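A.B. asks: Once you've had a glance at the structure underneath, I'll fire off some questions.
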Amino acid sequence: MGFKIMPKAALPAWIDRLCADYRVVGPKPLHGQYIFGDIHSAEELALDYTTTVLPPKKYLLPPREELLRFEGSNAEPVIEEDAPPTVVLGVHTCDLHAIHLLDRVFEQGYADQHYRAHRENVVLVSIECLKPCSEHSFCKDMGTLSADEGFDLHLTDLGDDYAVDIGSEKGEALLEGLDAVRDATPEDYERVNHVMAEKWPRFPYRLEFDVTELPSLLAVSYHSEHWDELGERCLSCGMCTKVCPTCYCFNVVDEVDFTLSAGKRIRHWDSCQIDEFAVVAGGHNFRPTRAARQRHRFFRKGKYQWEAYGLLGCVGCGRCAQACLVHITPVDTFNELYRRRVLYTARRQEVHT
Ligand code: SF4
Ligand code: SF4
């Protein structure tokens with residue numbers, strides 16, 4: 001499938017049409033920030049947003065979700081099969097890469113039927129980022145600054161028009177009957193190339209090493225004193241994981257009614273940074289210090305997910321850096337580990353020469 005061209009003037013009519021057939025969600029302003037929320041007209045939509053407080057992950061893995069209901073010995077899973085199909089508009093490519101990781105996590109081995117139901121019900125319309133969201137973004141380092149796949153439609157802002165890349169039949173169906181949309185000409189492909197060539201220099205590299213070295217850097221940094229330093233600063237508030245598009249740890253609790261014979265099983269987001277996250281039977285906490293939890297968090301991002309799923313667990317969106325009250329950031333952490341490693345290697349070489 002090739003590019004189409006949609007004039008920006010056609011956007012309001014397109015959104016109106018989508019709203020007639022789908023639940024439509026997208027970025028919108030709220031209290032000086034942006035959130036993903038329900039969209040009822042083009043005026044509400046802010047496609048030129050920076051980043052959202054929470055990622056679009058919430059439509060695939062809701063913060064709180066009923067998994068099953070039970071009464072006596074009968075238990076029925078709760079799957080929202082009749083939920084309206086949802087178009088998620090304006091997904092940044094970092095978040096698209098994060099969804100790609102979540103797909104692997106929830107589809108590998110035992111597929112999660114609740115995640116799958118949400119995923120099949122969602123149509124992703126992503127948008128090319130033409131400038132960094134914030135000083136915390138490091139998507140260029142993490143290889144998520146663009147995307148060739150994973151979207152149903154992908155928009156690139158060409159000024160008066162959007163170039164629309166069609167990634168699937170689900171995406172193509174969103175454009176059906178829109179007279180204003182036309183096939184791209186060779187000149188339009190030139191315009192896309194021009195926009196893409198101009199965008200790359202606007203994004204800085206922020207890591208001091210190549211990201212392919214990250215898993216091995218972490219492997220040799222397991223006993224680094226830097227984890228203790230981070231542990232001394234960390235408040236264990238869990239905000240960094242709550243806003244992260246690739247964090248998916250959850251807790252499952254049963255809410256039983258007062259007869260003790262019926263109730264529901266709920267899954268809700270959890271955080272590995274919270275003190276009691278690793279408490280197991282007998283009250284033992286196998287990750288009791290903030291230092292150990294910080295180390296675990298960054299190992300998940302830069303090593304463990306890579307080993308388990310072939311993808312890094314961080315897409316460089318910068319949300320955690322923005323949310324952290326004590327300014328603990330992935331860029332600073334990874335760069336500090338790298339500097340210490342360089343210093344350590346230099347000292348060893350001195351000793352051996
Ligand atoms: S947001 Fe910052 S202070 Fe809170 S748990 Fe994460 S690293 Fe610690
Ligand atoms: S670890 Fe931070 S920068 Fe990386 S994906 Fe999560 S929120 Fe974004």
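Each chain of the structure tokens is named A, B, ... in the order shown, its residues numbered from 1; ligands are numbered from 1 in display order.
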Ligand 2: which residues are within 10 Å, counting only C-alpha atoms and all ligand atoms? Reply as JSON, numbers by chain.
C.D. replies: {"A": [53, 54, 55, 94, 95, 97, 98, 136, 137, 138, 139, 142, 239, 240, 241, 242, 243, 244, 245, 246, 247, 297, 298, 300, 301, 302, 312, 313, 314, 315, 316, 317, 318, 319, 320, 321, 322, 323, 324, 328, 329, 330, 331]}
A.B. asks: Kindly save the residues from that selection, with C-alpha atoms included, as a JSON list (two decimals), in the first residue's frame.
C.D. replies:
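Result written to result-v7.json:
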```
[["chain", "number", "residue", "atom", "x", "y", "z"],
["A", 53, "VAL", "CA", 1.14, 12.40, 30.88],
["A", 54, "LEU", "CA", 0.07, 8.77, 30.43],
["A", 55, "PRO", "CA", 0.83, 6.85, 27.24],
["A", 94, "CYS", "CA", 8.05, 6.03, 20.62],
["A", 95, "ASP", "CA", 4.65, 4.92, 21.94],
["A", 97, "HIS", "CA", 7.40, 0.99, 19.56],
["A", 98, "ALA", "CA", 6.25, 0.56, 23.16],
["A", 136, "HIS", "CA", 14.11, 14.61, 28.31],
["A", 137, "SER", "CA", 13.36, 12.87, 24.98],
["A", 138, "PHE", "CA", 16.05, 10.50, 23.75],
["A", 139, "CYS", "CA", 14.09, 8.59, 21.12],
["A", 142, "MET", "CA", 16.73, 4.37, 21.33],
["A", 239, "MET", "CA", 5.61, 7.66, 39.35],
["A", 240, "CYS", "CA", 8.37, 6.68, 36.90],
["A", 241, "THR", "CA", 6.74, 3.33, 36.23],
["A", 242, "LYS", "CA", 3.18, 4.65, 36.24],
["A", 243, "VAL", "CA", 3.87, 6.99, 33.31],
["A", 244, "CYS", "CA", 6.05, 4.55, 31.37],
["A", 245, "PRO", "CA", 4.68, 3.17, 28.08],
["A", 246, "THR", "CA", 6.64, -0.09, 28.45],
["A", 247, "CYS", "CA", 5.99, -0.89, 32.13],
["A", 297, "ARG", "CA", 14.05, -0.97, 37.02],
["A", 298, "PHE", "CA", 16.98, 0.01, 34.82],
["A", 300, "ARG", "CA", 14.43, -4.25, 32.97],
["A", 301, "LYS", "CA", 14.71, -1.29, 30.61],
["A", 302, "GLY", "CA", 18.17, -1.97, 29.22],
["A", 312, "LEU", "CA", 14.83, -2.85, 24.69],
["A", 313, "GLY", "CA", 12.39, -1.97, 27.47],
["A", 314, "CYS", "CA", 12.82, 1.78, 27.05],
["A", 315, "VAL", "CA", 11.69, 3.82, 24.05],
["A", 316, "GLY", "CA", 13.22, 7.12, 25.15],
["A", 317, "CYS", "CA", 9.95, 9.02, 25.63],
["A", 318, "GLY", "CA", 11.30, 10.92, 28.66],
["A", 319, "ARG", "CA", 8.07, 10.69, 30.67],
["A", 320, "CYS", "CA", 9.75, 9.15, 33.72],
["A", 321, "ALA", "CA", 12.37, 11.91, 33.76],
["A", 322, "GLN", "CA", 9.62, 14.52, 33.63],
["A", 323, "ALA", "CA", 7.65, 12.83, 36.41],
["A", 324, "CYS", "CA", 10.48, 12.16, 38.88],
["A", 328, "ILE", "CA", 16.42, 10.43, 38.42],
["A", 329, "THR", "CA", 16.52, 9.91, 34.66],
["A", 330, "PRO", "CA", 17.49, 7.07, 32.31],
["A", 331, "VAL", "CA", 19.88, 9.31, 30.33]]
```
A.B. asks: Write down as a PyMOL selection string the residues of range 236-281 of chain A whose backbone DSSP state falls under strand (DSSP E or B).
C.D. replies: chain A and resi 250-256+262-269+279
A.B. asks: Hey, what does DSSP flag as alpha helix (DSSP H) within range 91-289 of chain A? Can you give it to me as an mmCIF file with N, CA and C atoms, in the first residue's frame?
C.D. replies:
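So the final result, stored in out12.cif, reads:
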```
data_model
loop_
_atom_site.group_PDB
_atom_site.id
_atom_site.type_symbol
_atom_site.label_atom_id
_atom_site.label_comp_id
_atom_site.auth_asym_id
_atom_site.auth_seq_id
_atom_site.Cartn_x
_atom_site.Cartn_y
_atom_site.Cartn_z
ATOM 1 N N THR A 93 5.750 7.908 17.596
ATOM 2 C CA THR A 93 6.407 6.650 17.211
ATOM 3 C C THR A 93 7.061 5.948 18.410
ATOM 4 N N CYS A 94 7.490 6.710 19.431
ATOM 5 C CA CYS A 94 8.051 6.032 20.620
ATOM 6 C C CYS A 94 6.961 5.158 21.246
ATOM 7 N N ASP A 95 5.751 5.698 21.342
ATOM 8 C CA ASP A 95 4.651 4.921 21.936
ATOM 9 C C ASP A 95 4.246 3.748 21.044
ATOM 10 N N LEU A 96 4.426 3.924 19.755
ATOM 11 C CA LEU A 96 4.141 2.814 18.821
ATOM 12 C C LEU A 96 5.132 1.664 19.066
ATOM 13 N N HIS A 97 6.399 2.021 19.260
ATOM 14 C CA HIS A 97 7.404 0.991 19.565
ATOM 15 C C HIS A 97 7.094 0.328 20.913
ATOM 16 N N ALA A 98 6.594 1.130 21.848
ATOM 17 C CA ALA A 98 6.254 0.560 23.159
ATOM 18 C C ALA A 98 5.113 -0.456 23.017
ATOM 19 N N ILE A 99 4.148 -0.145 22.173
ATOM 20 C CA ILE A 99 3.019 -1.077 21.957
ATOM 21 C C ILE A 99 3.537 -2.354 21.291
ATOM 22 N N HIS A 100 4.518 -2.194 20.424
ATOM 23 C CA HIS A 100 5.134 -3.368 19.781
ATOM 24 C C HIS A 100 5.730 -4.300 20.845
ATOM 25 N N LEU A 101 6.385 -3.704 21.840
ATOM 26 C CA LEU A 101 6.940 -4.514 22.924
ATOM 27 C C LEU A 101 5.811 -5.181 23.723
ATOM 28 N N LEU A 102 4.779 -4.403 24.050
ATOM 29 C CA LEU A 102 3.660 -4.978 24.826
ATOM 30 C C LEU A 102 3.021 -6.137 24.063
ATOM 31 N N ASP A 103 2.919 -6.002 22.737
ATOM 32 C CA ASP A 103 2.356 -7.096 21.926
ATOM 33 C C ASP A 103 3.164 -8.370 22.140
ATOM 34 N N ARG A 104 4.490 -8.235 22.126
ATOM 35 C CA ARG A 104 5.334 -9.429 22.308
ATOM 36 C C ARG A 104 5.146 -10.003 23.710
ATOM 37 N N VAL A 105 5.121 -9.118 24.692
ATOM 38 C CA VAL A 105 5.029 -9.568 26.080
ATOM 39 C C VAL A 105 3.716 -10.332 26.309
ATOM 40 N N PHE A 106 2.632 -9.768 25.821
ATOM 41 C CA PHE A 106 1.318 -10.350 26.134
ATOM 42 C C PHE A 106 0.876 -11.435 25.162
ATOM 43 N N GLU A 107 1.619 -11.591 24.064
ATOM 44 C CA GLU A 107 1.246 -12.636 23.099
ATOM 45 C C GLU A 107 2.199 -13.829 23.165
ATOM 46 N N GLN A 113 -5.681 -12.972 27.235
ATOM 47 C CA GLN A 113 -6.910 -12.798 26.444
ATOM 48 C C GLN A 113 -7.522 -11.406 26.615
ATOM 49 N N HIS A 114 -7.292 -10.785 27.764
ATOM 50 C CA HIS A 114 -7.843 -9.437 27.964
ATOM 51 C C HIS A 114 -7.066 -8.428 27.120
ATOM 52 N N TYR A 115 -5.735 -8.541 27.144
ATOM 53 C CA TYR A 115 -4.929 -7.640 26.310
ATOM 54 C C TYR A 115 -5.299 -7.844 24.843
ATOM 55 N N ARG A 116 -5.398 -9.103 24.445
ATOM 56 C CA ARG A 116 -5.692 -9.377 23.027
ATOM 57 C C ARG A 116 -7.030 -8.770 22.603
ATOM 58 N N ALA A 117 -8.027 -8.875 23.472
ATOM 59 C CA ALA A 117 -9.348 -8.320 23.128
ATOM 60 C C ALA A 117 -9.245 -6.806 22.907
ATOM 61 N N HIS A 118 -8.509 -6.125 23.787
ATOM 62 C CA HIS A 118 -8.345 -4.669 23.614
ATOM 63 C C HIS A 118 -7.563 -4.377 22.326
ATOM 64 N N ARG A 119 -6.504 -5.171 22.119
ATOM 65 C CA ARG A 119 -5.610 -4.898 20.980
ATOM 66 C C ARG A 119 -6.339 -5.047 19.649
ATOM 67 N N GLU A 120 -7.164 -6.105 19.578
ATOM 68 C CA GLU A 120 -7.883 -6.334 18.318
ATOM 69 C C GLU A 120 -8.934 -5.264 18.068
ATOM 70 N N CYS A 139 14.596 9.586 22.068
ATOM 71 C CA CYS A 139 14.086 8.591 21.123
ATOM 72 C C CYS A 139 15.098 8.298 20.010
ATOM 73 N N LYS A 140 15.900 9.312 19.646
ATOM 74 C CA LYS A 140 16.874 9.080 18.573
ATOM 75 C C LYS A 140 17.908 8.036 19.011
ATOM 76 N N ASP A 141 18.338 8.135 20.282
ATOM 77 C CA ASP A 141 19.288 7.132 20.784
ATOM 78 C C ASP A 141 18.660 5.741 20.787
ATOM 79 N N MET A 142 17.369 5.672 21.114
ATOM 80 C CA MET A 142 16.730 4.371 21.326
ATOM 81 C C MET A 142 16.158 3.785 20.025
ATOM 82 N N GLU A 169 -5.265 -3.089 6.437
ATOM 83 C CA GLU A 169 -6.622 -2.938 5.898
ATOM 84 C C GLU A 169 -7.514 -2.186 6.877
ATOM 85 N N LYS A 170 -7.267 -2.403 8.173
ATOM 86 C CA LYS A 170 -8.039 -1.664 9.187
ATOM 87 C C LYS A 170 -7.826 -0.163 9.009
ATOM 88 N N GLY A 171 -6.582 0.199 8.694
ATOM 89 C CA GLY A 171 -6.270 1.609 8.492
ATOM 90 C C GLY A 171 -6.888 2.123 7.210
ATOM 91 N N GLU A 172 -6.792 1.318 6.171
ATOM 92 C CA GLU A 172 -7.345 1.730 4.875
ATOM 93 C C GLU A 172 -8.852 1.988 4.989
ATOM 94 N N ALA A 173 -9.511 1.169 5.820
ATOM 95 C CA ALA A 173 -10.962 1.322 5.981
ATOM 96 C C ALA A 173 -11.326 2.679 6.580
ATOM 97 N N LEU A 174 -10.400 3.262 7.357
ATOM 98 C CA LEU A 174 -10.694 4.565 7.969
ATOM 99 C C LEU A 174 -10.796 5.667 6.922
ATOM 100 N N PRO A 186 4.780 11.814 -7.445
ATOM 101 C CA PRO A 186 6.235 11.857 -7.189
ATOM 102 C C PRO A 186 6.646 13.120 -6.441
ATOM 103 N N GLU A 187 5.971 14.248 -6.703
ATOM 104 C CA GLU A 187 6.300 15.499 -5.989
ATOM 105 C C GLU A 187 5.984 15.355 -4.495
ATOM 106 N N ASP A 188 4.889 14.657 -4.194
ATOM 107 C CA ASP A 188 4.540 14.455 -2.781
ATOM 108 C C ASP A 188 5.596 13.606 -2.071
ATOM 109 N N TYR A 189 6.103 12.588 -2.774
ATOM 110 C CA TYR A 189 7.172 11.773 -2.162
ATOM 111 C C TYR A 189 8.396 12.627 -1.891
ATOM 112 N N GLU A 190 8.665 13.573 -2.791
ATOM 113 C CA GLU A 190 9.776 14.509 -2.590
ATOM 114 C C GLU A 190 9.547 15.349 -1.336
ATOM 115 N N ARG A 191 8.293 15.795 -1.170
ATOM 116 C CA ARG A 191 7.963 16.613 0.017
ATOM 117 C C ARG A 191 8.189 15.814 1.294
ATOM 118 N N VAL A 192 7.774 14.560 1.278
ATOM 119 C CA VAL A 192 7.969 13.707 2.466
ATOM 120 C C VAL A 192 9.463 13.557 2.748
ATOM 121 N N ASN A 193 10.237 13.292 1.702
ATOM 122 C CA ASN A 193 11.685 13.132 1.881
ATOM 123 C C ASN A 193 12.309 14.390 2.470
ATOM 124 N N HIS A 194 11.842 15.535 1.999
ATOM 125 C CA HIS A 194 12.369 16.806 2.464
ATOM 126 C C HIS A 194 12.068 17.001 3.962
ATOM 127 N N VAL A 195 10.820 16.743 4.334
ATOM 128 C CA VAL A 195 10.423 16.896 5.740
ATOM 129 C C VAL A 195 11.241 15.957 6.625
ATOM 130 N N MET A 196 11.436 14.726 6.164
ATOM 131 C CA MET A 196 12.187 13.749 6.957
ATOM 132 C C MET A 196 13.661 14.165 7.080
ATOM 133 N N ALA A 197 14.232 14.663 5.982
ATOM 134 C CA ALA A 197 15.652 15.070 6.015
ATOM 135 C C ALA A 197 15.837 16.248 6.967
ATOM 136 N N GLU A 198 14.832 17.135 7.049
ATOM 137 C CA GLU A 198 14.955 18.308 7.929
ATOM 138 C C GLU A 198 14.756 17.938 9.385
ATOM 139 N N LYS A 199 13.984 16.890 9.611
ATOM 140 C CA LYS A 199 13.643 16.557 11.003
ATOM 141 C C LYS A 199 14.825 15.967 11.779
ATOM 142 N N LEU A 214 24.179 -1.101 25.562
ATOM 143 C CA LEU A 214 23.496 -0.947 26.854
ATOM 144 C C LEU A 214 23.359 -2.261 27.635
ATOM 145 N N PRO A 215 22.929 -3.362 27.003
ATOM 146 C CA PRO A 215 22.805 -4.596 27.805
ATOM 147 C C PRO A 215 24.132 -5.014 28.431
ATOM 148 N N SER A 216 25.236 -4.910 27.677
ATOM 149 C CA SER A 216 26.525 -5.341 28.248
ATOM 150 C C SER A 216 27.029 -4.325 29.273
ATOM 151 N N LEU A 217 26.732 -3.036 29.067
ATOM 152 C CA LEU A 217 27.115 -2.029 30.067
ATOM 153 C C LEU A 217 26.434 -2.343 31.402
ATOM 154 N N LEU A 218 25.157 -2.672 31.344
ATOM 155 C CA LEU A 218 24.434 -2.988 32.582
ATOM 156 C C LEU A 218 25.000 -4.261 33.219
ATOM 157 N N ALA A 219 25.319 -5.233 32.372
ATOM 158 C CA ALA A 219 25.825 -6.502 32.912
ATOM 159 C C ALA A 219 27.068 -6.281 33.773
ATOM 160 N N HIS A 226 26.656 3.277 42.033
ATOM 161 C CA HIS A 226 25.655 4.251 41.584
ATOM 162 C C HIS A 226 24.232 3.831 41.977
ATOM 163 N N TRP A 227 23.984 2.540 42.103
ATOM 164 C CA TRP A 227 22.640 2.110 42.507
ATOM 165 C C TRP A 227 22.329 2.592 43.925
ATOM 166 N N ASP A 228 23.355 2.550 44.789
ATOM 167 C CA ASP A 228 23.143 3.036 46.167
ATOM 168 C C ASP A 228 22.875 4.538 46.156
ATOM 169 N N GLU A 229 23.591 5.256 45.293
ATOM 170 C CA GLU A 229 23.380 6.711 45.223
ATOM 171 C C GLU A 229 21.958 7.026 44.749
ATOM 172 N N LEU A 230 21.493 6.265 43.753
ATOM 173 C CA LEU A 230 20.116 6.482 43.286
ATOM 174 C C LEU A 230 19.129 6.111 44.386
ATOM 175 N N GLY A 231 19.426 5.011 45.090
ATOM 176 C CA GLY A 231 18.548 4.558 46.177
ATOM 177 C C GLY A 231 18.415 5.606 47.268
ATOM 178 N N GLU A 232 19.506 6.347 47.531
ATOM 179 C CA GLU A 232 19.441 7.385 48.566
ATOM 180 C C GLU A 232 18.532 8.534 48.152
ATOM 181 N N ARG A 233 18.430 8.766 46.849
ATOM 182 C CA ARG A 233 17.584 9.880 46.374
ATOM 183 C C ARG A 233 16.131 9.465 46.151
ATOM 184 N N MET A 239 6.100 6.849 40.484
ATOM 185 C CA MET A 239 5.614 7.661 39.355
ATOM 186 C C MET A 239 6.315 7.289 38.041
ATOM 187 N N CYS A 240 7.608 6.974 38.120
ATOM 188 C CA CYS A 240 8.372 6.683 36.900
ATOM 189 C C CYS A 240 7.769 5.489 36.162
ATOM 190 N N THR A 241 7.301 4.511 36.889
ATOM 191 C CA THR A 241 6.739 3.326 36.233
ATOM 192 C C THR A 241 5.294 3.561 35.813
ATOM 193 N N LYS A 242 4.588 4.389 36.584
ATOM 194 C CA LYS A 242 3.177 4.653 36.239
ATOM 195 C C LYS A 242 3.043 5.339 34.869
#
```
A.B. asks: Would you pick out the contacts of range 260-276 of chain A at 9 Å or less, using only C-alpha atoms, so that residues sharing its chain but fewer than 6 positions from it are not included, and give the list as a ChimeraX atom specification?
C.D. replies: /A:61-73,75,234-242,247-254,285,287-290,293-294,296-297
A.B. asks: Would you write out those residues with C-alpha atoms, as a PDB file, in the first residue's frame?
C.D. replies:
```pdb
ATOM      1  CA  LEU A  61      -3.860  -2.378  29.551  1.00  0.00           C
ATOM      2  CA  PRO A  62      -6.332  -0.303  31.567  1.00  0.00           C
ATOM      3  CA  PRO A  63      -5.098   1.002  34.947  1.00  0.00           C
ATOM      4  CA  ARG A  64      -7.879  -1.056  36.585  1.00  0.00           C
ATOM      5  CA  GLU A  65      -9.637  -3.910  34.840  1.00  0.00           C
ATOM      6  CA  GLU A  66     -12.139  -6.570  35.837  1.00  0.00           C
ATOM      7  CA  LEU A  67     -10.764  -9.982  34.793  1.00  0.00           C
ATOM      8  CA  LEU A  68     -13.556 -12.255  36.006  1.00  0.00           C
ATOM      9  CA  ARG A  69     -16.639 -12.458  38.165  1.00  0.00           C
ATOM     10  CA  PHE A  70     -17.343 -15.357  40.466  1.00  0.00           C
ATOM     11  CA  GLU A  71     -20.295 -16.641  42.439  1.00  0.00           C
ATOM     12  CA  GLY A  72     -19.967 -19.784  44.520  1.00  0.00           C
ATOM     13  CA  SER A  73     -17.781 -22.124  42.484  1.00  0.00           C
ATOM     14  CA  ALA A  75     -16.264 -18.054  37.570  1.00  0.00           C
ATOM     15  CA  CYS A 234      14.608   7.788  45.284  1.00  0.00           C
ATOM     16  CA  LEU A 235      11.308   8.383  47.102  1.00  0.00           C
ATOM     17  CA  SER A 236       9.769   5.017  46.074  1.00  0.00           C
ATOM     18  CA  CYS A 237       6.753   6.926  44.794  1.00  0.00           C
ATOM     19  CA  GLY A 238       6.378   4.740  41.667  1.00  0.00           C
ATOM     20  CA  MET A 239       5.614   7.661  39.355  1.00  0.00           C
ATOM     21  CA  CYS A 240       8.372   6.683  36.900  1.00  0.00           C
ATOM     22  CA  THR A 241       6.739   3.326  36.233  1.00  0.00           C
ATOM     23  CA  LYS A 242       3.177   4.653  36.239  1.00  0.00           C
ATOM     24  CA  CYS A 247       5.990  -0.893  32.125  1.00  0.00           C
ATOM     25  CA  TYR A 248       3.275  -3.497  32.492  1.00  0.00           C
ATOM     26  CA  CYS A 249       3.619  -5.011  35.981  1.00  0.00           C
ATOM     27  CA  PHE A 250       0.242  -5.500  37.607  1.00  0.00           C
ATOM     28  CA  ASN A 251      -1.311  -6.851  40.771  1.00  0.00           C
ATOM     29  CA  VAL A 252      -4.408  -9.043  40.905  1.00  0.00           C
ATOM     30  CA  VAL A 253      -6.814  -8.774  43.830  1.00  0.00           C
ATOM     31  CA  ASP A 254     -10.173 -10.348  44.589  1.00  0.00           C
ATOM     32  CA  ASN A 285      10.776  -8.798  50.785  1.00  0.00           C
ATOM     33  CA  ARG A 287      13.995  -6.529  46.870  1.00  0.00           C
ATOM     34  CA  PRO A 288      13.869  -4.545  50.089  1.00  0.00           C
ATOM     35  CA  THR A 289      16.093  -1.542  49.321  1.00  0.00           C
ATOM     36  CA  ARG A 290      15.414   1.390  47.048  1.00  0.00           C
ATOM     37  CA  ARG A 293      14.617  -1.564  43.088  1.00  0.00           C
ATOM     38  CA  GLN A 294      16.252   1.174  41.026  1.00  0.00           C
ATOM     39  CA  HIS A 296      15.961  -3.712  38.834  1.00  0.00           C
ATOM     40  CA  ARG A 297      14.047  -0.974  37.019  1.00  0.00           C
TER      41      ARG A 297
END
```
A.B. asks: As an exercise, work out the distance from CA of Glu208 in chain A to CA of Gly150 in chain A in Å and give it to one decimal place.
C.D. replies: 28.8 Å
A.B. asks: Quick one: residues within 8 Å of range 125-132 of chain A, only C-alpha atoms counted, chain neighbours fewer than 6 positions away excluded, as a list of chain:residue names?
C.D. replies: A:Leu47, A:Thr50, A:Val87, A:Val88, A:Leu89, A:Gly90, A:Val91, A:His92, A:Thr93, A:Leu96, A:Leu145, A:Ser146, A:Phe151, A:Asp152, A:Leu153, A:His154, A:Leu155, A:Thr156, A:Asp157, A:Gly171, A:Met196, A:Lys199, A:Arg202, A:Phe203
A.B. asks: Need to verify the contact set: Ile39 in chain A, 12 Å, only C-alpha atoms, exclusion of same-chain residues closer than 2 positions in sequence. Can you return it as an NGL selection string?
C.D. replies: :A and (12 or 15-16 or 18-20 or 22-29 or 35-37 or 41-47 or 86-90)
A.B. asks: Closest to ligand 1 among A:Val342, A:Phe286, A:Phe277, A:Arg348, using only C-alpha atoms and all ligand atoms?
C.D. replies: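 That would be A:Phe277, the residue with the smallest distance to ligand 1.
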A.B. asks: Could you tell me how far CA of Ala10 in chain A lies from CA of Ala180 in chain A, in Å and to one decimal?
C.D. replies: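 Those two atoms sit 6.5 Å apart.
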A.B. asks: Rounded to one decimal in Å, what is the spacing between CA of Tyr162 in chain A and CA of Leu175 in chain A?
C.D. replies: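 A separation of 12.8 Å between them.
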A.B. asks: Which residue out of A:Leu337, A:Leu60, A:Val211, A:Ala291 has the minimum interatomic distance to ligand 1 when only C-alpha atoms and all ligand atoms are used?
C.D. replies: A:Ala291
A.B. asks: Here is a test: counting only C-alpha atoms and all ligand atoms, which residue of A:Val279, A:Val220, A:Met6, A:Val326 is nearest to ligand 1?
C.D. replies: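 For ligand 1, the nearest of the candidates is A:Val326.
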